[in-house]
Structure formats: C-alpha cells, structure tokens
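Quick notes on the structure that follows.
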Amino acid sequence: MSKELRFLIVDDFSTMRRIVRNLLKESGYADADEAEDGVAALQKLRNSSFDFVVSDINMPNMNGFQLLAEIKKDDKLKHIPVLMVTAEARKEDIVLAAQQGASGYIVKPFTKATLEDKVNHILTKLGLK
Amino acid sequence: MSADATPTTPTLSTVEVHQQLGALTRQLHDSLNGLGLAEKVKDWAGELPDAKSRLSYIARLTGQAAEKVLNQVDQAKEQHDFIAAETRRIGQLIVKDPVAAVAKGHVMNFINDVDQASKKVDANLTEIMMAQDFHDLTGQVIAKVVNLAATIEEQLVLLLIQTAPPEAALKAAATPAEYVPALAGPVVDGQSNQEVVTDQSQVDDLLASLGF
C-alpha cells in the first residue's frame, strides 16, 4: 500500500476548513491538518511534512497569494502542489494564481465532485496517484 | 377627497423651514468642499448601492442555505423512517419464523435496503455540510459592509472634529486609519461584471486558454 498523502487546509473560516477536511476524507484522503492563515500554514509546512496544500486566498496576516509565493520560492516546499479554493472570482486573480505556480483554482461555492476531481487530477498529473 | 378641497398654501413657517433647510444644505456643501471631503462623499454614494447589493446577496445566500438544509433533512428523515419501519417489520418476521425470513430473502432484502438508504442519508449529510459554506461567503461580504460603515463613521467624526470649536477639537485628536480594500471577495452580482467568472467551468476554460 502506498504512503497516505498528507494535506494542509488553509482558510481563515473554520467552517470552510471543516467542510474541505470532511470532503477530502470522503474522497479517501483522511490525513489532513489545518491552518487559519498563510503565516500559520508556512510554519506548519516548514516544521512538518505535507504532500498537498488546499488554500483560500483572502485571509488575514498572509493571504493565499503570498503563501503561494513563499512556497514556490522555498526549495524544500516548492514541489508541493497548491490548490486555491477561494471566493475571489476576478479573472486577473485566476491568471495571477496560475502564473505564480498554483496547481489548480476552484471558486466558492463549489461541489464535492469539483474538489475531488481537481485533487485527483493534480495528483495524477504529478504521478502521486 | 371632497370636491371643494384646495391645495394648502405654504404658511410663513413652512417657507422659513424650507429656506433654513436650503441654507443648511448649502452650508454643508460648502463645508465639505472646503474640507476636501466632497470627493469622499461621492465615493460613499457610489459604494452604498454596492453595500445594498451585498446585503441582498447575504439574504439570498442564507435563505438558499436554510432551504437546502431543510430539504435535505426532509429527505434524510424519509430514509430514516423507512429504515425504522423495515427494521420493525423484519424483526416481526424473524420472531415469527427465523428460517423462513432468511430462506425467503426477507433478511437479505432488508440488508440491501438499509445499505441503499444509508448511502442516501450519507449524501444528504454531505449536502447539509456543504450548505454551511454560506458562513464563509457571507462572512467576507459582511466584513466589507462593516468596513464601509466604519469608513463613513470615521470620516463623519473627522468632519465633526474639523468643524468643532477649537477647544472641542483638541479633545478628539485621534487620526482614523484609512481603509484600503484588498481583494474583491465573493461575487455578489457577476452578471453585470465581465471581469469575473461566475462558475467553475469559466475558471477551467480560462486556465485552459492559458495552457494550464
């Protein structure tokens, strides 16, 4: 059996973190941790091992774009795929996320099928599934 | 209305009140211009309809979430009632004749029914959980409206301080921080804005067009 993938869910709303965590669990990804903003996420990423980040954009202290930039400029973290799950629906934000190295972009509100599809697609693309 | 009713002519006091209101409006207009706040007021006026549409969005989203949850609960309760009734029925059959209950397939059918009903209830629970996403979306919108109200309040306080007698102005020396909007947040009216996407398929199309 392959190693279970570990997810980090980053969102300032605990409700949304719980929703994403439960959906991932239903999709077979039970190993997940949570962070309430980019600062907390970066700290967890540097102190522990994760295979996948699901991040909101609009958060206090350090937003999702800043977190993405920090991850992608860190040699030890840049291989981790980052899926943005956000209410930010401006085209310029979507393009910016893609240019900064996000592996996927989901606009809220979303469905269970959408999240499952994007996660599986990214993992398959990276040979992690 | 009676036939002989005639429009009332303004009394002297009405005219005076009207003139005073006009003078006050002029005075406020001149003060705002003099203090450089006229542009701010124009901005507020522009943002207020946006705040109105954001509040409508909150009402709509919370209403939809409540409706969705109640519908899902109705469906889950139907399944629960079915399982409860079938359990009682199969129990009676087993008590009556356990061998026949198994041999005739009643027990196996019951197991299959419970399995199907459980899956439906699980789907209902997932939908109820998903409906809670309104908390995140409305929370972001509420924060923006609160920020707008705070900005207006701060500017009005500033106006009061600047127009107050010198001794009163000295007591209120706090400088309000300027509100700088960061990200746009949830789309409350996507139909009239070409710069935003309104569903996931548009996101996928946009990313695909960029080669991602």
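Residues are named by chain letter and number: chains run A, B, ... in the order of the structure tokens, numbers start at 1 in each chain, and ligands are numbered from 1 in the order shown.
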Interface rows for chain A against chain B: nearest pair, Å to one decimal, 10 Å, only C-alpha atoms, as JSON lines:
{"residue": "A:Asp11", "atom": "CA", "partner": "B:Asp136", "partner_atom": "CA", "distance": 9.4}
{"residue": "A:Asp12", "atom": "CA", "partner": "B:Asp136", "partner_atom": "CA", "distance": 8.7}
{"residue": "A:Phe13", "atom": "CA", "partner": "B:Asp136", "partner_atom": "CA", "distance": 5.9}
{"residue": "A:Ser14", "atom": "CA", "partner": "B:Asp136", "partner_atom": "CA", "distance": 8.5}
{"residue": "A:Thr15", "atom": "CA", "partner": "B:Asp136", "partner_atom": "CA", "distance": 7.0}
{"residue": "A:Met16", "atom": "CA", "partner": "B:Asp133", "partner_atom": "CA", "distance": 6.2}
{"residue": "A:Arg17", "atom": "CA", "partner": "B:Asp136", "partner_atom": "CA", "distance": 9.8}
{"residue": "A:Arg18", "atom": "CA", "partner": "B:Met129", "partner_atom": "CA", "distance": 9.0}
{"residue": "A:Ile19", "atom": "CA", "partner": "B:Met129", "partner_atom": "CA", "distance": 6.5}
{"residue": "A:Val20", "atom": "CA", "partner": "B:Met130", "partner_atom": "CA", "distance": 9.1}
{"residue": "A:Asn22", "atom": "CA", "partner": "B:Thr126", "partner_atom": "CA", "distance": 8.6}
{"residue": "A:Leu23", "atom": "CA", "partner": "B:Thr126", "partner_atom": "CA", "distance": 8.0}
{"residue": "A:Glu26", "atom": "CA", "partner": "B:Thr126", "partner_atom": "CA", "distance": 9.2}
{"residue": "A:Ile57", "atom": "CA", "partner": "B:Leu183", "partner_atom": "CA", "distance": 8.6}
{"residue": "A:Asn58", "atom": "CA", "partner": "B:Leu183", "partner_atom": "CA", "distance": 6.6}
{"residue": "A:Met59", "atom": "CA", "partner": "B:Leu183", "partner_atom": "CA", "distance": 9.6}
{"residue": "A:Asn63", "atom": "CA", "partner": "B:Leu183", "partner_atom": "CA", "distance": 9.6}
{"residue": "A:Thr86", "atom": "CA", "partner": "B:Pro186", "partner_atom": "CA", "distance": 8.4}
{"residue": "A:Ala87", "atom": "CA", "partner": "B:Pro186", "partner_atom": "CA", "distance": 4.7}
{"residue": "A:Glu88", "atom": "CA", "partner": "B:Gly185", "partner_atom": "CA", "distance": 5.1}
{"residue": "A:Ala89", "atom": "CA", "partner": "B:Val196", "partner_atom": "CA", "distance": 5.2}
{"residue": "A:Arg90", "atom": "CA", "partner": "B:Val196", "partner_atom": "CA", "distance": 4.1}
{"residue": "A:Lys91", "atom": "CA", "partner": "B:Val196", "partner_atom": "CA", "distance": 5.3}
{"residue": "A:Glu92", "atom": "CA", "partner": "B:Glu195", "partner_atom": "CA", "distance": 7.8}
{"residue": "A:Asp93", "atom": "CA", "partner": "B:Leu183", "partner_atom": "CA", "distance": 9.1}
{"residue": "A:Ile94", "atom": "CA", "partner": "B:Val203", "partner_atom": "CA", "distance": 7.3}
{"residue": "A:Val95", "atom": "CA", "partner": "B:Leu207", "partner_atom": "CA", "distance": 7.2}
{"residue": "A:Ala97", "atom": "CA", "partner": "B:Leu207", "partner_atom": "CA", "distance": 9.9}
{"residue": "A:Ala98", "atom": "CA", "partner": "B:Phe212", "partner_atom": "CA", "distance": 7.2}
{"residue": "A:Gln99", "atom": "CA", "partner": "B:Phe212", "partner_atom": "CA", "distance": 9.2}
{"residue": "A:Gly101", "atom": "CA", "partner": "B:Phe212", "partner_atom": "CA", "distance": 9.8}
{"residue": "A:Ala102", "atom": "CA", "partner": "B:Phe212", "partner_atom": "CA", "distance": 9.6}
{"residue": "A:Ser103", "atom": "CA", "partner": "B:Phe212", "partner_atom": "CA", "distance": 8.3}
{"residue": "A:Gly104", "atom": "CA", "partner": "B:Phe212", "partner_atom": "CA", "distance": 8.5}
{"residue": "A:Tyr105", "atom": "CA", "partner": "B:Val203", "partner_atom": "CA", "distance": 7.2}
{"residue": "A:Ile106", "atom": "CA", "partner": "B:Gln200", "partner_atom": "CA", "distance": 6.5}
{"residue": "A:Val107", "atom": "CA", "partner": "B:Gln200", "partner_atom": "CA", "distance": 6.1}
{"residue": "A:Lys108", "atom": "CA", "partner": "B:Leu137", "partner_atom": "CA", "distance": 7.8}
{"residue": "A:Pro109", "atom": "CA", "partner": "B:Asp133", "partner_atom": "CA", "distance": 6.9}
{"residue": "A:Phe110", "atom": "CA", "partner": "B:Gln200", "partner_atom": "CA", "distance": 7.7}
{"residue": "A:Thr111", "atom": "CA", "partner": "B:Met130", "partner_atom": "CA", "distance": 7.5}
{"residue": "A:Lys112", "atom": "CA", "partner": "B:Met130", "partner_atom": "CA", "distance": 8.0}
{"residue": "A:Thr114", "atom": "CA", "partner": "B:Gln200", "partner_atom": "CA", "distance": 8.2}
Separation of CA of Leu55 in chain B and CA of Leu125 in chain B, in Å? 28.2 Å
Please compute the CA of Lys52 in chain B-CA of Glu153 in chain B distance, one decimal, in Å. 17.2 Å
I need the residues of chain A that end up classed as strand (DSSP E or B) by DSSP on the backbone, written out as a list in words. Phe7, Leu8, Ile9, Val10, Ala32, Asp33, Glu34, Ala35, Phe52, Val53, Val54, Ser55, Val82, Leu83, Met84, Val85, Thr86, Arg90, Gly104, Tyr105, Ile106 and Val107 of chain A
